[in-house]
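Shown next: coords24.tsv, given as TSV, C-alpha atoms and all ligand atoms.
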chain	number	residue	atom	x	y	z
A	1	MET	CA	-10.98	-25.40	0.92
A	2	ARG	CA	-10.31	-27.43	4.05
A	3	ILE	CA	-7.40	-26.35	6.20
A	4	ASN	CA	-6.03	-28.39	9.08
A	5	VAL	CA	-5.62	-25.91	11.93
A	6	ALA	CA	-4.41	-28.27	14.68
A	7	GLN	CA	-1.05	-26.51	14.97
A	8	LEU	CA	-2.62	-23.05	14.96
A	9	LEU	CA	-5.09	-24.08	17.68
A	10	LYS	CA	-2.11	-25.11	19.84
A	11	ALA	CA	-0.33	-21.83	19.18
A	12	GLU	CA	-0.68	-18.76	21.37
A	13	ILE	CA	-3.27	-16.04	20.84
A	14	GLY	CA	-2.20	-13.75	18.02
A	15	ALA	CA	-0.43	-16.45	15.99
A	16	ARG	CA	-1.05	-16.17	12.26
A	17	ARG	CA	-1.02	-18.36	9.19
A	18	GLU	CA	-1.39	-17.33	5.57
A	19	TYR	CA	-2.55	-19.36	2.61
A	20	GLU	CA	-2.87	-18.71	-1.07
A	21	LEU	CA	-6.07	-20.12	-2.48
A	22	ASP	CA	-6.32	-21.08	-6.13
A	23	GLU	CA	-9.16	-23.50	-6.71
A	24	VAL	CA	-12.09	-24.25	-8.91
A	25	VAL	CA	-15.24	-24.92	-6.93
A	26	ASP	CA	-18.74	-26.04	-7.83
A	27	GLU	CA	-20.59	-23.18	-6.22
A	28	GLY	CA	-21.90	-21.34	-9.23
A	29	ALA	CA	-25.43	-21.10	-10.53
A	30	GLN	CA	-26.66	-24.23	-12.31
A	31	GLY	CA	-23.79	-26.22	-10.83
A	32	ALA	CA	-21.16	-24.32	-12.82
A	33	SER	CA	-17.53	-24.43	-11.70
A	34	ILE	CA	-16.13	-21.08	-10.71
A	35	PRO	CA	-12.58	-20.00	-9.88
A	36	LEU	CA	-11.71	-18.91	-6.37
A	37	ARG	CA	-8.38	-17.18	-5.92
A	38	GLY	CA	-6.83	-15.05	-3.24
A	39	ARG	CA	-5.26	-14.77	0.15
A	40	VAL	CA	-6.58	-16.37	3.31
A	41	GLU	CA	-5.26	-15.22	6.67
A	42	LEU	CA	-5.94	-17.12	9.88
A	43	LEU	CA	-5.49	-15.54	13.30
A	44	ARG	CA	-5.63	-17.45	16.59
A	45	THR	CA	-7.99	-15.66	18.98
A	46	ASP	CA	-8.91	-16.58	22.53
A	47	ARG	CA	-12.00	-18.54	21.45
A	48	GLY	CA	-11.20	-19.72	17.95
A	49	ILE	CA	-9.70	-18.67	14.66
A	50	LEU	CA	-10.49	-15.45	12.84
A	51	VAL	CA	-10.50	-15.99	9.08
A	52	GLN	CA	-9.96	-13.00	6.82
A	53	ALA	CA	-9.95	-13.67	3.12
A	54	ALA	CA	-9.93	-11.48	0.02
A	55	LEU	CA	-11.08	-13.71	-2.81
A	56	ALA	CA	-11.59	-13.10	-6.50
A	57	THR	CA	-14.21	-15.17	-8.23
A	58	GLU	CA	-16.86	-14.71	-10.87
A	59	VAL	CA	-20.61	-14.91	-11.21
A	60	ARG	CA	-22.12	-16.85	-14.07
A	61	GLY	CA	-25.64	-16.46	-15.26
A	62	ARG	CA	-27.72	-14.93	-17.99
A	63	CYS	CA	-28.25	-11.29	-18.90
A	64	ASP	CA	-31.44	-10.08	-17.26
A	65	ARG	CA	-32.53	-8.32	-20.48
A	66	CYS	CA	-31.23	-10.31	-23.46
A	67	LEU	CA	-30.54	-13.74	-21.85
A	68	VAL	CA	-27.03	-14.25	-23.30
A	69	PRO	CA	-24.62	-16.08	-20.94
A	70	VAL	CA	-22.74	-13.63	-18.72
A	71	ARG	CA	-19.56	-13.99	-16.66
A	72	GLN	CA	-18.92	-11.16	-14.26
A	73	PRO	CA	-15.90	-10.80	-11.94
A	74	LEU	CA	-16.76	-10.63	-8.26
A	75	ASP	CA	-14.61	-9.88	-5.22
A	76	ILE	CA	-15.47	-11.32	-1.83
A	77	GLU	CA	-14.17	-9.98	1.48
A	78	LEU	CA	-14.76	-12.70	4.04
A	79	GLU	CA	-14.33	-12.21	7.78
A	80	GLU	CA	-15.59	-14.84	10.20
A	81	VAL	CA	-14.56	-16.43	13.48
A	82	PHE	CA	-14.53	-20.24	13.41
A	83	TYR	CA	-15.01	-21.92	16.79
A	84	PRO	CA	-13.42	-25.29	17.57
A	85	ILE	CA	-15.65	-28.09	18.80
A	86	ILE	CA	-12.86	-29.84	20.71
A	87	ASP	CA	-10.43	-28.38	23.23
A	88	ILE	CA	-7.21	-29.46	21.52
A	89	LEU	CA	-4.94	-28.92	24.53
A	90	HIS	CA	-7.05	-30.49	27.27
A	91	GLY	CA	-9.37	-32.75	25.32
A	92	GLY	CA	-13.14	-32.73	25.72
A	93	LYS	CA	-15.86	-30.75	24.07
A	94	LEU	CA	-15.92	-26.95	24.22
A	95	PRO	CA	-19.15	-25.09	25.01
A	96	ASP	CA	-21.15	-23.98	21.97
A	97	PRO	CA	-20.65	-20.34	20.94
A	98	GLU	CA	-23.52	-17.95	21.73
A	99	ASN	CA	-24.22	-17.48	18.04
A	100	LYS	CA	-25.80	-20.75	16.94
A	101	ASP	CA	-25.01	-20.00	13.28
A	102	ALA	CA	-21.30	-19.55	13.99
A	103	PHE	CA	-18.90	-21.56	11.84
A	104	ARG	CA	-17.18	-24.48	13.54
A	105	ILE	CA	-13.84	-26.24	13.28
A	106	ASP	CA	-14.67	-29.95	13.29
A	107	GLU	CA	-13.41	-32.60	15.71
A	108	TYR	CA	-10.56	-33.43	13.30
A	109	ASN	CA	-9.34	-29.80	13.44
A	110	GLN	CA	-10.47	-29.14	9.89
A	111	LEU	CA	-11.54	-25.62	9.09
A	112	ASP	CA	-13.80	-25.80	6.04
A	113	LEU	CA	-14.23	-22.53	4.16
A	114	GLY	CA	-16.79	-23.99	1.77
A	115	GLU	CA	-20.04	-23.02	3.50
A	116	ALA	CA	-18.84	-19.54	4.49
A	117	THR	CA	-17.67	-18.86	0.94
A	118	ARG	CA	-20.97	-20.08	-0.46
A	119	GLN	CA	-22.92	-17.73	1.84
A	120	TYR	CA	-20.74	-14.74	0.95
A	121	LEU	CA	-21.06	-15.57	-2.74
A	122	ILE	CA	-24.84	-15.59	-2.58
A	123	ALA	CA	-24.90	-12.35	-0.58
A	124	SER	CA	-22.54	-10.59	-3.02
A	125	THR	CA	-24.15	-11.76	-6.24
A	126	PRO	CA	-26.00	-8.88	-7.91
A	127	MET	CA	-29.76	-9.31	-8.23
A	128	ARG	CA	-29.61	-8.46	-11.90
A	129	LEU	CA	-26.85	-9.48	-14.26
A	130	LEU	CA	-26.35	-7.46	-17.42
A	131	CYS	CA	-24.14	-8.39	-20.39
A	132	ARG	CA	-23.19	-4.69	-20.59
A	133	PRO	CA	-24.55	-1.48	-18.99
A	134	GLY	CA	-26.54	-0.35	-22.02
A	135	CYS	CA	-28.07	-3.69	-23.00
A	136	VAL	CA	-31.36	-2.99	-24.82
A	137	GLY	CA	-32.69	-6.53	-24.44
A	138	LEU	CA	-35.07	-8.52	-26.59
A	139	CYS	CA	-38.01	-7.32	-28.66
A	140	ALA	CA	-41.18	-8.12	-26.70
A	141	ASP	CA	-42.96	-9.14	-29.89
A	142	CYS	CA	-40.51	-11.17	-31.99
A	143	GLY	CA	-37.82	-11.96	-29.42
A	144	ALA	CA	-34.97	-10.60	-31.56
A	145	ASN	CA	-31.86	-9.46	-29.70
A	146	LEU	CA	-32.03	-5.69	-30.19
A	147	ASN	CA	-28.32	-5.33	-29.37
A	148	GLN	CA	-27.71	-6.74	-32.85
A	149	GLY	CA	-29.83	-4.05	-34.51
A	150	PRO	CA	-33.51	-3.16	-34.81
A	151	CYS	CA	-36.03	-5.88	-35.69
A	152	ALA	CA	-38.74	-5.69	-38.34
A	153	CYS	CA	-41.60	-5.04	-35.87
A	154	PRO	CA	-43.48	-1.71	-36.18
A	155	PRO	CA	-42.59	0.79	-33.40
A	156	ALA	CA	-44.81	0.43	-30.32
A	157	PRO	CA	-47.57	3.08	-30.20
A	158	VAL	CA	-47.58	5.40	-27.17
A	159	GLU	CA	-50.31	4.19	-24.83
A	160	GLN	CA	-53.29	6.51	-24.91
A	161	ARG	CA	-53.94	6.43	-21.15
A	162	TRP	CA	-50.58	8.11	-20.52
A	163	ALA	CA	-51.25	10.94	-22.97
A	164	PRO	CA	-52.86	13.37	-20.43
A	165	LEU	CA	-49.98	12.80	-17.98
A	166	ARG	CA	-47.44	13.39	-20.70
A	167	GLN	CA	-49.20	16.64	-21.55
A	168	LEU	CA	-49.09	17.80	-17.91
A	169	LEU	CA	-45.41	16.98	-17.65
A	170	GLU	CA	-44.65	18.91	-20.78
A	171	GLN	CA	-46.62	21.94	-19.54
A	172	GLY	CA	-44.84	21.78	-16.16
A	173	THR	CA	-41.44	21.78	-17.81
A	174	PHE	CA	-42.54	24.69	-19.95
A	175	ARG	CA	-43.65	26.79	-16.92
A	176	ARG	CA	-40.42	26.13	-15.04
A	177	LYS	CA	-38.44	27.28	-18.00
A	178	GLN	CA	-40.50	30.46	-18.25
A	179	ARG	CA	-39.89	31.38	-14.59
A	180	ASN	CA	-36.15	31.16	-14.97
B	1	ZN	ZN	-27.89	-8.30	-22.42
B	2	ZN	ZN	-39.44	-7.41	-32.97

If you convert what's in this file into structure tokens, what do you get?
Ligand SMILES: [Zn+2]
Ligand SMILES: [Zn+2]
Amino acid sequence: MRINVAQLLKAEIGARREYELDEVVDEGAQGASIPLRGRVELLRTDRGILVQAALATEVRGRCDRCLVPVRQPLDIELEEVFYPIIDILHGGKLPDPENKDAFRIDEYNQLDLGEATRQYLIASTPMRLLCRPGCVGLCADCGANLNQGPCACPPAPVEQRWAPLRQLLEQGTFRRKQRN
């Protein structure tokens, strides 16, 4: 995911380049390889290069409820300005951008999308992965996968301390119904 942007840095403001990305990268959880496909558009601005990318990838992990391996498609919309370190036309070092976390184009005019992509991936990954919306998970007692049918454990008794609350709720529902 390194692009040499020497020519684009020499071009006038507004110049564009487009790339098709189709790679497998080691950015996934547990060191898994994930695909990264899509269009990358580079635009020369006055201070650097604006990168806009629409990338399709996938998240790999385990279902939050039943722990089976899960692969889930994920789209990333990346938009970042990359600032060159070197003034390519006049030589010498350029001043650092105000934002200290800004992405840089290195002294060899290489624009590396790796770190930006990794950050966007982490930010877009859902907190909880599910194998399917209605996953019922594992039995807390025997660990059986309840998606494959009920286990042999007896049904859990309703906890006694919730009984008064349940009663109140039921009465409340009853009164509302009566008023209508
Ligand atoms: Zn599941
Ligand atoms: Zn069970």

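Between CA of Glu58 (chain A) and CA of Glu80 (chain A) the interatomic distance comes to 21.1 Å.
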
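The list of residues with at least one atom within 8 Å of Ala56 (chain A), based on only C-alpha atoms and without residues fewer than 5 positions apart in the same chain, reads Pro35, Leu36, Arg37, Gly38, Pro73, Leu74, Asp75 and Ile76 of chain A.
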
Considering only C-alpha atoms and all ligand atoms, give me a table of residues in chain A that are at most 12 Å from ligand ZN 2 (chain B), with the closest atom pair and distance in Å for each, as CSV.
residue,atom,partner,partner_atom,distance
A:Gly137,CA,B:ZN2,ZN,10.9
A:Leu138,CA,B:ZN2,ZN,7.8
A:Cys139,CA,B:ZN2,ZN,4.5
A:Ala140,CA,B:ZN2,ZN,6.5
A:Asp141,CA,B:ZN2,ZN,5.0
A:Cys142,CA,B:ZN2,ZN,4.0
A:Gly143,CA,B:ZN2,ZN,6.0
A:Ala144,CA,B:ZN2,ZN,5.7
A:Asn145,CA,B:ZN2,ZN,8.5
A:Leu146,CA,B:ZN2,ZN,8.1
A:Asn147,CA,B:ZN2,ZN,11.9
A:Gln148,CA,B:ZN2,ZN,11.7
A:Gly149,CA,B:ZN2,ZN,10.3
A:Pro150,CA,B:ZN2,ZN,7.5
A:Cys151,CA,B:ZN2,ZN,4.6
A:Ala152,CA,B:ZN2,ZN,5.7
A:Cys153,CA,B:ZN2,ZN,4.3
A:Pro154,CA,B:ZN2,ZN,7.7
A:Pro155,CA,B:ZN2,ZN,8.8
A:Ala156,CA,B:ZN2,ZN,9.9

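Minimum atom-to-atom distances from A:Val59, A:Ile105, A:Leu130, A:Leu111 to Ile34 (chain A) were compared using all atoms listed in the file, and the lowest value belongs to A:Val59.
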
List every residue of chain A that has an atom at most 8 Å from any atom of ligand ZN 1 (chain B), and for each one report the closest atom pair and its distance in Å to one decimal, counting only C-alpha atoms and all ligand atoms, with rows sorted by chain and then by increasing residue number, as a tab-separated table.
residue	atom	partner	partner_atom	distance
A:Arg62	CA	B:ZN1	ZN	8.0
A:Cys63	CA	B:ZN1	ZN	4.6
A:Asp64	CA	B:ZN1	ZN	6.5
A:Arg65	CA	B:ZN1	ZN	5.0
A:Cys66	CA	B:ZN1	ZN	4.0
A:Leu67	CA	B:ZN1	ZN	6.1
A:Val68	CA	B:ZN1	ZN	6.1
A:Leu130	CA	B:ZN1	ZN	5.3
A:Cys131	CA	B:ZN1	ZN	4.3
A:Arg132	CA	B:ZN1	ZN	6.2
A:Cys135	CA	B:ZN1	ZN	4.6
A:Val136	CA	B:ZN1	ZN	6.8
A:Gly137	CA	B:ZN1	ZN	5.5
A:Asn147	CA	B:ZN1	ZN	7.6

Saved selection, atoms kept: C-alpha atoms, as a short mmCIF file (atom, residue, chain, number, x, y, z; two decimals), keeping the file's coordinate frame:
data_model
loop_
_atom_site.label_atom_id
_atom_site.label_comp_id
_atom_site.auth_asym_id
_atom_site.auth_seq_id
_atom_site.Cartn_x
_atom_site.Cartn_y
_atom_site.Cartn_z
CA ARG A 62 -27.72 -14.93 -17.99
CA CYS A 63 -28.25 -11.29 -18.90
CA ASP A 64 -31.44 -10.08 -17.26
CA ARG A 65 -32.53 -8.32 -20.48
CA CYS A 66 -31.23 -10.31 -23.46
CA LEU A 67 -30.54 -13.74 -21.85
CA VAL A 68 -27.03 -14.25 -23.30
CA LEU A 130 -26.35 -7.46 -17.42
CA CYS A 131 -24.14 -8.39 -20.39
CA ARG A 132 -23.19 -4.69 -20.59
CA CYS A 135 -28.07 -3.69 -23.00
CA VAL A 136 -31.36 -2.99 -24.82
CA GLY A 137 -32.69 -6.53 -24.44
CA ASN A 147 -28.32 -5.33 -29.37
#

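For the choices A:Gly48, A:Ala116, A:Val25, A:Leu9, the atom-to-atom distance to Asp96 (chain A) is smallest for A:Gly48 when using only C-alpha atoms.
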
For this session: Quick one: pull the distance between CA of Gly134 (chain A) and CA of Leu168 (chain A), Å, one decimal.
Result: 29.2 Å

Exercise. What is the distance between CA of Gly14 (chain A) and CA of Leu43 (chain A), in Å to one decimal?
Worked result: 6.0 Å

Closest atom pairs, residues of region 107-159 of chain A within 10 Å of region 87-92 of chain A, all atoms listed in the file, as JSON lines:
{"residue": "A:Glu107", "atom": "CA", "partner": "A:Ile88", "partner_atom": "CA", "distance": 9.1}
{"residue": "A:Tyr108", "atom": "CA", "partner": "A:Ile88", "partner_atom": "CA", "distance": 9.7}
{"residue": "A:Asn109", "atom": "CA", "partner": "A:Ile88", "partner_atom": "CA", "distance": 8.4}

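Shortest separation to Ile3 (chain A) among A:Ala102, A:Leu78, A:Gln110, A:Ser33 occurs at residue A:Gln110, atoms counted being only C-alpha atoms.
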
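Closest approach to Glu18 (chain A) among A:Arg47, A:Arg2, A:Arg39, A:Arg166: A:Arg39, based on only C-alpha atoms.
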
Given 5 Å on each side, where is the centre and what are the edge lengths in Å to one decimal of the axis-aligned box enclosing the listed atoms of region 52-62 of chain A, as AutoDock Vina command-line options?
--center_x -18.8 --center_y -14.2 --center_z -5.6 --size_x 27.8 --size_y 15.4 --size_z 34.8

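Considering all atoms listed in the file, the residue among A:Pro97, A:Pro126, A:Pro133, A:Pro164 positioned nearest to Phe82 (chain A) is A:Pro97.
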
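Distances to Val51 (chain A) were evaluated for A:Glu23, A:Pro95, A:Ile13, A:Phe103 using only C-alpha atoms, and the minimum falls at A:Phe103.
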